[in-house]
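Worksheet: one structure, shown below.
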There are 2 protein chains.
Amino acid sequence: MPTQPRPLERYLRLIVITDRGLSDPRAVTDVVAQALHAGAPAVQLREKAQPPREILPLAHRLRADTRRAGALFFVNDRLDLALAVGADGVHLGPDDLPVGAARAIAPPGFLIGYSADMADAAHAAVRDGADYIGCGTVYATHTKANAGEVTGIEGLRKVVRAVDVPVVGIGGVTPARAPAVVAAGAVGCAAIGAIMAATDPGRAVAGFLRAAQRGARRR
Amino acid sequence: MPTQPRPLERYLRLIVITDRGLSDPRAVTDVVAQALHAGAPAVQLREKAQPPREILPLAHRLRADTRRAGALFFVNDRLDLALAVGADGVHLGPDDLPVGAARAIAPPGFLIGYSADMADAAHAAVRDGADYIGCGTVYATHTKANAGEVTGIEGLRKVVRAVDVPVVGIGGVTPARAPAVVAAGAVGCAAIGAIMAATDPGRAVAGFLRAAQRGARRR
């Protein structure tokens with residue numbers, strides 16, 4: 001586990017979430033490399049359709065690339081896979097291993113993120129050991145199937161008020177929408193399509209980071 | 001992790017593998033309870049279609065029931081889930097986390113089984129830290145989709161010769177076929193349909209155990 005030289009919320013200004021369908025025909029690793037070069041401080045591997053054995057090489061590669069770039073690396077859903085590749089953390093959702101169960105078997109310092117669109121679920125996750133909350137769907141999106149109801153900026157604001165850990169807005173976020181997300185109190189955004197499908201991923205990253213930076217100055 | 005008062009191969013005379021589709025309309029826990037009452041020494045939770053959060057209550061229940069019965073409890077595929085419920089081990093296959101990666105993050109004494117139908121794959125898994133091999137499909141079966149080629153008794157014999165850990169025959173095994181499986185050198189069988197779908201699961205368990213017992217005496 002690499003140490004975090006900066007406070008967690010600095011890394012959570014932007015989480016780049018992978019999607020090989022959206023990066024296509026470019027390799028996920030190429031798009032992530034451009035994002036890291038532009039300063040993306042965190043990457044989450046999210047490949048739900050592949051069995052662990054198939055995504056393991058990609059996970060190892062992203063772990064190496066993020067480490068070299070000084071970025072955090074998270075794995076979606078699978079705590080065992082995250083531990084196996086030396087990720088900094090795991091991102092869990094309502095269908096996954098409960099946060100408390102993951103916290104009980106994770107090593108000290110291992111980060112746990114949790115997806116919550118409601119204040120009570122977010123509060124419970126933090127009580128059980130979550131280090132940050134991914135809140136959304138903030139804006140309607142087609143990336144996540146069954147992403148549920150749209151939370152909206154108001155819903156995001158409620159989750160931010162309910163917890164004392166960093167909250168990241170997810171779901172349909174773009175550089176143009178990021179200022180509204182951080183104005184609601186989120187420390188940053190988690191983006192899938194806005195980066196993986198971007199013509200210029202580096203430029204998208206820069207846009208997200210500028211918005212988070214302005215938000216941080218206001219707080 | 002409970003200690004194993006008996007040698008591992010004693011527990012591997014029979015692994016009862018769950019399948020809620022096959023136990024239906026009976027609850028998986030009811031069928032497993034009957035199997036444990038009849039002396040089943042090991043149970044493996046195998047519910048591939050359900051997300052972790054849904055199968056977690058079943059996993060906790062089976063862990064408690066097997067502990068009370070003095071039986072080992074394995075979880076299929078998910079090392080994190082296995083660790084979360086305090087299972088004795090995990091059973092991995094070619095699509096799952098590699099054995100070496102699982103061994104590296106599992107606590108001392110945690111058992112790892114691996115599915116292999118060929119001698120070289122079995123040998124590699126043992127080298128990487130597998131404690132036992134599940135070898136099959138020994139007989140054609142409809143339980144496992146994509147179970148691949150039928151290994152047959154000859155293939156089982158080759159795997160037994162290739163490794164110095166216990167081998168369990170899986171795939172279409174029944175009490176009537178168990179003697180041939182143990183005669184090929186397996187310490188026992190792993191059964192899904194022959195127990196979960198049995199009219200009298202306890203009687204099926206007794207049949208498997210008798211066959212393994214006779215095989216153990218011959219070795």
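Chain labels follow the order of the structure tokens: the first chain is A, the next B, and so on; residue numbering restarts at 1 in every chain, and ligands are counted from 1 in their shown order.
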
Could you pull the residues within 9 Å of Ala206 of chain B, counting only C-alpha atoms, minus those fewer than 2 positions along the same chain, as JSON, numbers by chain? {"B": [35, 38, 39, 40, 175, 201, 202, 203, 204, 208, 209, 210, 211]}

Quick one: residues within 8 Å of Ala197 of chain A, only C-alpha atoms counted, chain neighbours fewer than 5 positions away excluded, as a compact mmCIF listing (two decimals) with all heavy atoms, in the first residue's frame?
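And here's selection_33.txt as it stands now:
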```txt
# COMPACT_ATOMS: atom_id res chain seq x y z
N LEU A 22 -16.33 2.19 -23.64
CA LEU A 22 -16.32 3.61 -23.99
C LEU A 22 -14.97 4.08 -24.53
O LEU A 22 -14.92 5.02 -25.32
CB LEU A 22 -16.70 4.45 -22.76
CG LEU A 22 -18.16 4.33 -22.32
CD1 LEU A 22 -18.38 5.00 -20.97
CD2 LEU A 22 -19.09 4.93 -23.38
N SER A 23 -13.90 3.46 -24.10
CA SER A 23 -12.58 3.90 -24.58
C SER A 23 -12.32 3.38 -26.00
O SER A 23 -11.52 3.96 -26.73
CB SER A 23 -11.47 3.41 -23.65
OG SER A 23 -11.31 2.01 -23.75
N ASP A 24 -13.02 2.33 -26.35
CA ASP A 24 -12.86 1.67 -27.65
C ASP A 24 -12.96 2.67 -28.81
O ASP A 24 -13.84 3.53 -28.77
CB ASP A 24 -13.94 0.59 -27.79
CG ASP A 24 -13.73 -0.28 -29.01
OD1 ASP A 24 -12.77 -1.04 -29.02
OD2 ASP A 24 -14.55 -0.17 -29.93
N ILE A 192 -16.91 8.63 -15.85
CA ILE A 192 -16.68 7.47 -16.73
C ILE A 192 -16.64 8.00 -18.16
O ILE A 192 -15.58 8.25 -18.73
CB ILE A 192 -17.78 6.40 -16.56
CG1 ILE A 192 -17.97 6.04 -15.08
CG2 ILE A 192 -17.42 5.14 -17.36
CD1 ILE A 192 -19.04 4.99 -14.81
```

Show me, as an mmCIF file with all heavy atoms, in the first residue's frame, every residue of chain A with an atom at most 9 Å from chain B, counting only C-alpha atoms.
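So the final result, stored in iface16.cif, reads:
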```cif
data_model
loop_
_atom_site.group_PDB
_atom_site.id
_atom_site.type_symbol
_atom_site.label_atom_id
_atom_site.label_comp_id
_atom_site.auth_asym_id
_atom_site.auth_seq_id
_atom_site.Cartn_x
_atom_site.Cartn_y
_atom_site.Cartn_z
ATOM 1 N N PRO A 51 -14.413 -11.760 -16.011
ATOM 2 C CA PRO A 51 -14.005 -12.520 -14.829
ATOM 3 C C PRO A 51 -12.643 -12.022 -14.326
ATOM 4 O O PRO A 51 -11.864 -11.457 -15.099
ATOM 5 C CB PRO A 51 -13.917 -13.965 -15.332
ATOM 6 C CG PRO A 51 -13.758 -13.862 -16.804
ATOM 7 C CD PRO A 51 -14.411 -12.580 -17.230
ATOM 8 N N PRO A 52 -12.379 -12.226 -13.031
ATOM 9 C CA PRO A 52 -11.145 -11.709 -12.420
ATOM 10 C C PRO A 52 -9.876 -12.062 -13.198
ATOM 11 O O PRO A 52 -9.001 -11.236 -13.363
ATOM 12 C CB PRO A 52 -11.129 -12.383 -11.049
ATOM 13 C CG PRO A 52 -12.554 -12.635 -10.742
ATOM 14 C CD PRO A 52 -13.238 -12.901 -12.047
ATOM 15 N N ARG A 53 -9.813 -13.301 -13.671
ATOM 16 C CA ARG A 53 -8.585 -13.714 -14.343
ATOM 17 C C ARG A 53 -8.307 -12.874 -15.581
ATOM 18 O O ARG A 53 -7.171 -12.568 -15.901
ATOM 19 C CB ARG A 53 -8.668 -15.203 -14.721
ATOM 20 C CG ARG A 53 -7.380 -15.788 -15.240
ATOM 21 C CD ARG A 53 -6.306 -15.885 -14.163
ATOM 22 N NE ARG A 53 -6.659 -16.853 -13.162
ATOM 23 C CZ ARG A 53 -6.109 -18.070 -13.089
ATOM 24 N NH1 ARG A 53 -5.165 -18.439 -13.925
ATOM 25 N NH2 ARG A 53 -6.498 -18.915 -12.165
ATOM 26 N N GLU A 54 -9.390 -12.454 -16.255
ATOM 27 C CA GLU A 54 -9.200 -11.664 -17.472
ATOM 28 C C GLU A 54 -8.823 -10.226 -17.176
ATOM 29 O O GLU A 54 -8.086 -9.612 -17.948
ATOM 30 C CB GLU A 54 -10.483 -11.688 -18.316
ATOM 31 C CG GLU A 54 -10.536 -12.851 -19.269
ATOM 32 C CD GLU A 54 -11.826 -12.856 -20.059
ATOM 33 O OE1 GLU A 54 -12.225 -11.800 -20.572
ATOM 34 O OE2 GLU A 54 -12.447 -13.930 -20.141
ATOM 35 N N LEU A 56 -7.236 -9.179 -14.485
ATOM 36 C CA LEU A 56 -6.055 -9.073 -13.621
ATOM 37 C C LEU A 56 -4.864 -8.398 -14.312
ATOM 38 O O LEU A 56 -4.219 -7.527 -13.706
ATOM 39 C CB LEU A 56 -5.680 -10.462 -13.088
ATOM 40 C CG LEU A 56 -4.868 -10.464 -11.804
ATOM 41 C CD1 LEU A 56 -5.651 -9.900 -10.640
ATOM 42 C CD2 LEU A 56 -4.386 -11.873 -11.486
ATOM 43 N N ARG A 78 -14.596 -5.730 -6.149
ATOM 44 C CA ARG A 78 -13.861 -6.900 -5.678
ATOM 45 C C ARG A 78 -12.723 -6.553 -4.739
ATOM 46 O O ARG A 78 -11.623 -6.203 -5.162
ATOM 47 C CB ARG A 78 -13.321 -7.664 -6.879
ATOM 48 C CG ARG A 78 -14.377 -8.240 -7.799
ATOM 49 C CD ARG A 78 -14.984 -9.512 -7.273
ATOM 50 N NE ARG A 78 -14.027 -10.525 -6.965
ATOM 51 C CZ ARG A 78 -14.121 -11.785 -7.400
ATOM 52 N NH1 ARG A 78 -15.109 -12.153 -8.201
ATOM 53 N NH2 ARG A 78 -13.229 -12.670 -7.037
ATOM 54 N N LEU A 79 -12.963 -6.734 -3.443
ATOM 55 C CA LEU A 79 -11.908 -6.483 -2.471
ATOM 56 C C LEU A 79 -10.735 -7.431 -2.682
ATOM 57 O O LEU A 79 -9.578 -7.034 -2.556
ATOM 58 C CB LEU A 79 -12.478 -6.647 -1.052
ATOM 59 C CG LEU A 79 -11.482 -6.544 0.093
ATOM 60 C CD1 LEU A 79 -10.751 -5.205 0.081
ATOM 61 C CD2 LEU A 79 -12.178 -6.759 1.429
ATOM 62 N N ASP A 80 -11.031 -8.695 -3.002
ATOM 63 C CA ASP A 80 -9.928 -9.650 -3.169
ATOM 64 C C ASP A 80 -9.021 -9.264 -4.333
ATOM 65 O O ASP A 80 -7.798 -9.313 -4.240
ATOM 66 C CB ASP A 80 -10.432 -11.096 -3.283
ATOM 67 C CG ASP A 80 -11.613 -11.271 -4.227
ATOM 68 O OD1 ASP A 80 -12.023 -10.293 -4.885
ATOM 69 O OD2 ASP A 80 -12.124 -12.406 -4.314
ATOM 70 N N LEU A 81 -9.628 -8.831 -5.419
ATOM 71 C CA LEU A 81 -8.851 -8.390 -6.580
ATOM 72 C C LEU A 81 -8.047 -7.137 -6.228
ATOM 73 O O LEU A 81 -6.873 -7.009 -6.596
ATOM 74 C CB LEU A 81 -9.810 -8.113 -7.739
ATOM 75 C CG LEU A 81 -9.230 -7.853 -9.112
ATOM 76 C CD1 LEU A 81 -8.355 -8.998 -9.576
ATOM 77 C CD2 LEU A 81 -10.352 -7.620 -10.114
ATOM 78 N N LEU A 83 -6.913 -6.241 -3.306
ATOM 79 C CA LEU A 83 -5.792 -6.624 -2.452
ATOM 80 C C LEU A 83 -4.723 -7.349 -3.259
ATOM 81 O O LEU A 83 -3.529 -7.156 -3.043
ATOM 82 C CB LEU A 83 -6.288 -7.523 -1.311
ATOM 83 C CG LEU A 83 -7.248 -6.869 -0.316
ATOM 84 C CD1 LEU A 83 -7.757 -7.909 0.690
ATOM 85 C CD2 LEU A 83 -6.577 -5.714 0.428
ATOM 86 N N ALA A 84 -5.176 -8.175 -4.207
ATOM 87 C CA ALA A 84 -4.229 -8.982 -4.988
ATOM 88 C C ALA A 84 -3.291 -8.125 -5.827
ATOM 89 O O ALA A 84 -2.154 -8.510 -6.070
ATOM 90 C CB ALA A 84 -4.977 -9.977 -5.875
ATOM 91 N N VAL A 85 -3.758 -6.976 -6.297
ATOM 92 C CA VAL A 85 -2.903 -6.142 -7.148
ATOM 93 C C VAL A 85 -2.303 -4.963 -6.375
ATOM 94 O O VAL A 85 -1.653 -4.106 -6.967
ATOM 95 C CB VAL A 85 -3.661 -5.612 -8.395
ATOM 96 C CG1 VAL A 85 -4.169 -6.780 -9.231
ATOM 97 C CG2 VAL A 85 -4.794 -4.668 -8.020
ATOM 98 N N PRO A 94 -24.175 -1.025 -3.086
ATOM 99 C CA PRO A 94 -25.183 -1.734 -2.296
ATOM 100 C C PRO A 94 -25.241 -3.245 -2.552
ATOM 101 O O PRO A 94 -25.651 -3.995 -1.672
ATOM 102 C CB PRO A 94 -26.498 -1.071 -2.726
ATOM 103 C CG PRO A 94 -26.093 0.282 -3.208
ATOM 104 C CD PRO A 94 -24.744 0.106 -3.832
ATOM 105 N N ASP A 95 -24.841 -3.712 -3.749
ATOM 106 C CA ASP A 95 -24.877 -5.148 -4.035
ATOM 107 C C ASP A 95 -23.635 -5.886 -3.566
ATOM 108 O O ASP A 95 -23.584 -7.112 -3.595
ATOM 109 C CB ASP A 95 -24.998 -5.377 -5.554
ATOM 110 C CG ASP A 95 -26.438 -5.240 -6.030
ATOM 111 O OD1 ASP A 95 -27.340 -5.211 -5.180
ATOM 112 O OD2 ASP A 95 -26.639 -5.184 -7.252
ATOM 113 N N ASP A 96 -22.608 -5.124 -3.211
ATOM 114 C CA ASP A 96 -21.310 -5.730 -2.930
ATOM 115 C C ASP A 96 -21.195 -6.156 -1.477
ATOM 116 O O ASP A 96 -22.128 -6.025 -0.692
ATOM 117 C CB ASP A 96 -20.193 -4.739 -3.282
ATOM 118 C CG ASP A 96 -20.251 -4.316 -4.742
ATOM 119 O OD1 ASP A 96 -20.645 -5.141 -5.577
ATOM 120 O OD2 ASP A 96 -19.904 -3.159 -5.035
ATOM 121 N N LEU A 97 -20.032 -6.631 -1.138
ATOM 122 C CA LEU A 97 -19.691 -6.929 0.243
ATOM 123 C C LEU A 97 -19.987 -5.680 1.072
ATOM 124 O O LEU A 97 -19.619 -4.572 0.680
ATOM 125 C CB LEU A 97 -18.180 -7.225 0.271
ATOM 126 C CG LEU A 97 -17.593 -8.087 1.361
ATOM 127 C CD1 LEU A 97 -18.184 -9.501 1.317
ATOM 128 C CD2 LEU A 97 -16.081 -8.169 1.163
ATOM 129 N N PRO A 98 -20.635 -5.818 2.216
ATOM 130 C CA PRO A 98 -20.907 -4.628 3.043
ATOM 131 C C PRO A 98 -19.600 -3.955 3.499
ATOM 132 O O PRO A 98 -18.585 -4.627 3.669
ATOM 133 C CB PRO A 98 -21.670 -5.194 4.237
ATOM 134 C CG PRO A 98 -22.207 -6.509 3.786
ATOM 135 C CD PRO A 98 -21.215 -7.029 2.785
ATOM 136 N N ALA A 101 -17.912 -5.451 6.580
ATOM 137 C CA ALA A 101 -17.252 -6.732 6.320
ATOM 138 C C ALA A 101 -15.932 -6.504 5.597
ATOM 139 O O ALA A 101 -14.920 -7.159 5.874
ATOM 140 C CB ALA A 101 -18.159 -7.638 5.484
ATOM 141 N N ALA A 102 -15.937 -5.574 4.644
ATOM 142 C CA ALA A 102 -14.703 -5.267 3.921
ATOM 143 C C ALA A 102 -13.676 -4.643 4.853
ATOM 144 O O ALA A 102 -12.494 -4.996 4.841
ATOM 145 C CB ALA A 102 -14.996 -4.326 2.752
ATOM 146 N N ALA A 104 -13.335 -5.110 7.950
ATOM 147 C CA ALA A 104 -12.828 -6.107 8.897
ATOM 148 C C ALA A 104 -11.705 -6.952 8.303
ATOM 149 O O ALA A 104 -10.849 -7.446 9.033
ATOM 150 C CB ALA A 104 -13.966 -7.012 9.361
ATOM 151 N N ILE A 105 -11.703 -7.135 6.980
ATOM 152 C CA ILE A 105 -10.662 -7.994 6.403
ATOM 153 C C ILE A 105 -9.606 -7.200 5.642
ATOM 154 O O ILE A 105 -8.610 -7.767 5.217
ATOM 155 C CB ILE A 105 -11.263 -9.098 5.501
ATOM 156 C CG1 ILE A 105 -12.128 -8.496 4.388
ATOM 157 C CG2 ILE A 105 -12.074 -10.082 6.316
ATOM 158 C CD1 ILE A 105 -12.719 -9.561 3.460
#
```

Could I have chain A as a short mmCIF file (atom, residue, chain, number, x, y, z; two decimals) with C-alpha atoms, in the first residue's frame after it is superimposed on chain B by least squares, pairing all C-alpha atoms in sequence order?
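Produced file out-v2.cif, reproduced below:
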```cif
data_model
loop_
_atom_site.label_atom_id
_atom_site.label_comp_id
_atom_site.auth_asym_id
_atom_site.auth_seq_id
_atom_site.Cartn_x
_atom_site.Cartn_y
_atom_site.Cartn_z
CA MET A 1 -10.61 -19.91 11.20
CA PRO A 2 -11.48 -23.13 12.97
CA THR A 3 -8.66 -25.60 13.33
CA GLN A 4 -8.98 -28.88 11.51
CA PRO A 5 -8.88 -31.65 14.06
CA ARG A 6 -8.64 -34.25 11.30
CA PRO A 7 -6.38 -34.50 8.23
CA LEU A 8 -7.73 -32.52 5.28
CA GLU A 9 -8.42 -35.62 3.19
CA ARG A 10 -10.86 -36.87 5.80
CA TYR A 11 -12.96 -33.74 5.19
CA LEU A 12 -12.70 -34.10 1.45
CA ARG A 13 -14.42 -37.47 1.31
CA LEU A 14 -17.44 -35.43 0.29
CA ILE A 15 -17.95 -31.77 -0.52
CA VAL A 16 -21.62 -30.82 -0.71
CA ILE A 17 -21.94 -27.96 -3.19
CA THR A 18 -25.00 -25.74 -2.91
CA ASP A 19 -27.36 -24.85 -5.72
CA ARG A 20 -30.60 -23.14 -4.85
CA GLY A 21 -32.06 -24.00 -8.22
CA LEU A 22 -31.60 -27.73 -7.59
CA SER A 23 -32.68 -27.71 -3.95
CA ASP A 24 -35.89 -25.88 -4.86
CA PRO A 25 -38.57 -25.91 -3.48
CA ARG A 26 -36.60 -26.85 -0.37
CA ALA A 27 -34.30 -24.21 1.10
CA VAL A 28 -30.60 -24.77 0.50
CA THR A 29 -30.11 -24.59 4.26
CA ASP A 30 -32.60 -27.42 4.81
CA VAL A 31 -30.88 -29.72 2.33
CA VAL A 32 -27.47 -28.84 3.77
CA ALA A 33 -28.78 -29.49 7.29
CA GLN A 34 -29.84 -32.99 6.24
CA ALA A 35 -26.47 -33.56 4.61
CA LEU A 36 -24.61 -32.41 7.73
CA HIS A 37 -26.80 -34.57 9.93
CA ALA A 38 -25.80 -37.54 7.78
CA GLY A 39 -22.13 -36.71 8.33
CA ALA A 40 -21.18 -34.55 5.33
CA PRO A 41 -17.69 -33.31 6.26
CA ALA A 42 -17.51 -30.28 3.92
CA VAL A 43 -19.85 -27.78 2.26
CA GLN A 44 -19.14 -25.34 -0.54
CA LEU A 45 -21.35 -22.32 -1.17
CA ARG A 46 -21.70 -21.86 -4.89
CA GLU A 47 -24.23 -19.26 -6.00
CA LYS A 48 -22.77 -17.62 -9.05
CA ALA A 49 -25.85 -15.67 -10.12
CA GLN A 50 -26.33 -13.70 -6.91
CA PRO A 51 -24.46 -10.53 -5.91
CA PRO A 52 -22.41 -10.79 -2.69
CA ARG A 53 -24.86 -8.77 -0.64
CA GLU A 54 -27.66 -11.21 -1.42
CA ILE A 55 -25.73 -14.38 -0.67
CA LEU A 56 -24.06 -13.03 2.46
CA PRO A 57 -26.88 -14.06 4.84
CA LEU A 58 -26.83 -17.59 3.37
CA ALA A 59 -23.05 -17.68 3.69
CA HIS A 60 -23.20 -16.67 7.36
CA ARG A 61 -25.87 -19.27 8.04
CA LEU A 62 -23.95 -22.08 6.33
CA ARG A 63 -20.79 -21.03 8.16
CA ALA A 64 -22.62 -21.34 11.48
CA ASP A 65 -24.26 -24.66 10.57
CA THR A 66 -21.04 -26.26 9.32
CA ARG A 67 -19.13 -25.08 12.37
CA ARG A 68 -21.72 -26.61 14.66
CA ALA A 69 -21.49 -29.87 12.70
CA GLY A 70 -17.69 -29.88 12.69
CA ALA A 71 -17.62 -29.63 8.90
CA LEU A 72 -15.42 -27.45 6.71
CA PHE A 73 -16.97 -24.54 4.86
CA PHE A 74 -15.76 -23.26 1.51
CA VAL A 75 -16.97 -20.38 -0.65
CA ASN A 76 -16.73 -20.63 -4.42
CA ASP A 77 -14.88 -17.95 -6.41
CA ARG A 78 -14.92 -15.06 -3.96
CA LEU A 79 -12.00 -14.93 -1.57
CA ASP A 80 -13.27 -11.68 -0.06
CA LEU A 81 -16.66 -13.20 0.69
CA ALA A 82 -14.99 -16.31 2.13
CA LEU A 83 -12.85 -14.19 4.44
CA ALA A 84 -15.80 -11.99 5.39
CA VAL A 85 -17.84 -14.91 6.73
CA GLY A 86 -14.92 -16.75 8.31
CA ALA A 87 -14.98 -19.67 5.87
CA ASP A 88 -12.27 -22.31 6.11
CA GLY A 89 -11.37 -21.83 2.50
CA VAL A 90 -12.16 -20.72 -1.01
CA HIS A 91 -12.60 -22.78 -4.15
CA LEU A 92 -11.11 -21.18 -7.26
CA GLY A 93 -11.29 -21.99 -10.94
CA PRO A 94 -9.50 -20.89 -14.10
CA ASP A 95 -11.59 -17.68 -14.41
CA ASP A 96 -11.06 -16.63 -10.81
CA LEU A 97 -8.27 -14.94 -8.94
CA PRO A 98 -5.12 -17.02 -9.52
CA VAL A 99 -4.17 -19.38 -6.70
CA GLY A 100 -0.88 -17.59 -6.05
CA ALA A 101 -2.61 -14.22 -5.73
CA ALA A 102 -5.19 -15.69 -3.36
CA ARG A 103 -2.51 -17.41 -1.30
CA ALA A 104 -0.63 -14.12 -0.97
CA ILE A 105 -3.58 -12.32 0.64
CA ALA A 106 -5.17 -15.21 2.56
CA PRO A 107 -4.36 -15.67 6.25
CA PRO A 108 -2.22 -18.62 7.40
CA GLY A 109 -4.07 -21.92 7.41
CA PHE A 110 -6.75 -20.71 5.00
CA LEU A 111 -7.57 -23.49 2.54
CA ILE A 112 -7.53 -23.03 -1.22
CA GLY A 113 -9.06 -25.51 -3.62
CA TYR A 114 -8.64 -25.32 -7.36
CA SER A 115 -10.61 -26.80 -10.27
CA ALA A 116 -8.36 -28.52 -12.79
CA ASP A 117 -9.07 -31.18 -15.35
CA MET A 118 -5.50 -31.60 -16.59
CA ALA A 119 -2.35 -32.71 -14.83
CA ASP A 120 -0.29 -29.65 -15.72
CA ALA A 121 -2.90 -27.16 -14.49
CA ALA A 122 -3.32 -29.14 -11.28
CA HIS A 123 0.43 -29.28 -10.75
CA ALA A 124 0.79 -25.53 -11.30
CA ALA A 125 -2.04 -24.79 -8.86
CA VAL A 126 -0.43 -26.91 -6.15
CA ARG A 127 2.92 -25.26 -6.79
CA ASP A 128 1.17 -21.88 -6.31
CA GLY A 129 -0.39 -22.94 -3.03
CA ALA A 130 -3.55 -24.98 -3.64
CA ASP A 131 -4.40 -27.38 -0.80
CA TYR A 132 -6.55 -29.68 -2.87
CA ILE A 133 -7.73 -30.16 -6.44
CA GLY A 134 -11.30 -30.54 -7.64
CA CYS A 135 -10.94 -32.60 -10.81
CA GLY A 136 -13.63 -32.94 -13.43
CA THR A 137 -15.95 -33.03 -15.16
CA VAL A 138 -15.54 -36.77 -14.41
CA TYR A 139 -18.96 -37.62 -15.84
CA ALA A 140 -21.08 -35.56 -18.22
CA THR A 141 -23.42 -33.28 -16.32
CA HIS A 142 -25.86 -30.46 -16.90
CA THR A 143 -25.22 -28.72 -13.58
CA LYS A 144 -22.22 -26.69 -14.63
CA ALA A 145 -22.69 -24.66 -17.76
CA ASN A 146 -19.50 -24.56 -19.84
CA ALA A 147 -17.94 -27.27 -17.71
CA GLY A 148 -15.85 -28.17 -20.71
CA GLU A 149 -14.76 -31.58 -21.88
CA VAL A 150 -15.46 -34.66 -19.82
CA THR A 151 -12.30 -35.70 -17.99
CA GLY A 152 -13.34 -39.25 -17.34
CA ILE A 153 -11.88 -41.67 -14.83
CA GLU A 154 -8.63 -41.86 -16.83
CA GLY A 155 -8.20 -38.10 -16.74
CA LEU A 156 -8.89 -38.10 -13.02
CA ARG A 157 -6.23 -40.77 -12.49
CA LYS A 158 -3.66 -38.63 -14.33
CA VAL A 159 -4.41 -35.61 -12.15
CA VAL A 160 -4.15 -37.73 -9.00
CA ARG A 161 -0.72 -38.96 -10.12
CA ALA A 162 0.45 -35.42 -10.92
CA VAL A 163 -0.05 -33.87 -7.48
CA ASP A 164 0.76 -34.63 -3.85
CA VAL A 165 -2.41 -33.07 -2.43
CA PRO A 166 -5.88 -34.60 -2.11
CA VAL A 167 -7.93 -34.74 -5.29
CA VAL A 168 -11.73 -34.71 -5.30
CA GLY A 169 -13.74 -35.93 -8.29
CA ILE A 170 -16.50 -33.62 -9.49
CA GLY A 171 -19.04 -33.68 -12.28
CA GLY A 172 -21.92 -36.09 -12.55
CA VAL A 173 -20.78 -38.06 -9.51
CA THR A 174 -23.39 -40.11 -7.66
CA PRO A 175 -23.17 -42.60 -4.81
CA ALA A 176 -23.20 -45.36 -7.45
CA ARG A 177 -20.26 -43.80 -9.30
CA ALA A 178 -18.28 -42.79 -6.22
CA PRO A 179 -16.49 -46.18 -5.89
CA ALA A 180 -14.96 -45.71 -9.37
CA VAL A 181 -13.91 -42.18 -8.46
CA VAL A 182 -12.11 -43.24 -5.30
CA ALA A 183 -10.67 -46.29 -7.05
CA ALA A 184 -8.96 -43.82 -9.40
CA GLY A 185 -7.21 -42.30 -6.40
CA ALA A 186 -9.51 -39.44 -5.46
CA VAL A 187 -10.06 -39.03 -1.73
CA GLY A 188 -13.71 -38.33 -2.38
CA CYS A 189 -16.31 -36.52 -4.46
CA ALA A 190 -17.76 -33.04 -4.75
CA ALA A 191 -21.45 -33.32 -5.53
CA ILE A 192 -24.02 -30.78 -6.57
CA GLY A 193 -27.08 -32.40 -8.08
CA ALA A 194 -26.66 -35.82 -6.45
CA ILE A 195 -27.30 -34.21 -3.08
CA MET A 196 -29.09 -30.90 -3.68
CA ALA A 197 -31.71 -32.56 -5.89
CA ALA A 198 -31.88 -35.84 -3.95
CA THR A 199 -35.20 -37.00 -2.53
CA ASP A 200 -33.24 -38.12 0.52
CA PRO A 201 -30.04 -36.03 0.77
CA GLY A 202 -28.94 -37.85 3.94
CA ARG A 203 -29.06 -41.19 2.19
CA ALA A 204 -27.03 -39.82 -0.74
CA VAL A 205 -24.43 -38.48 1.69
CA ALA A 206 -24.17 -41.87 3.38
CA GLY A 207 -23.62 -43.52 0.02
CA PHE A 208 -20.79 -41.16 -0.89
CA LEU A 209 -19.15 -41.59 2.50
CA ARG A 210 -19.27 -45.39 2.33
CA ALA A 211 -17.51 -45.33 -1.04
CA ALA A 212 -14.80 -42.96 0.22
CA GLN A 213 -14.34 -45.05 3.33
CA ARG A 214 -13.78 -48.21 1.30
CA GLY A 215 -11.33 -46.34 -0.91
CA ALA A 216 -9.40 -45.07 2.12
CA ARG A 217 -9.07 -48.60 3.47
CA ARG A 218 -7.64 -49.76 0.15
CA ARG A 219 -5.02 -47.01 0.02
#
```
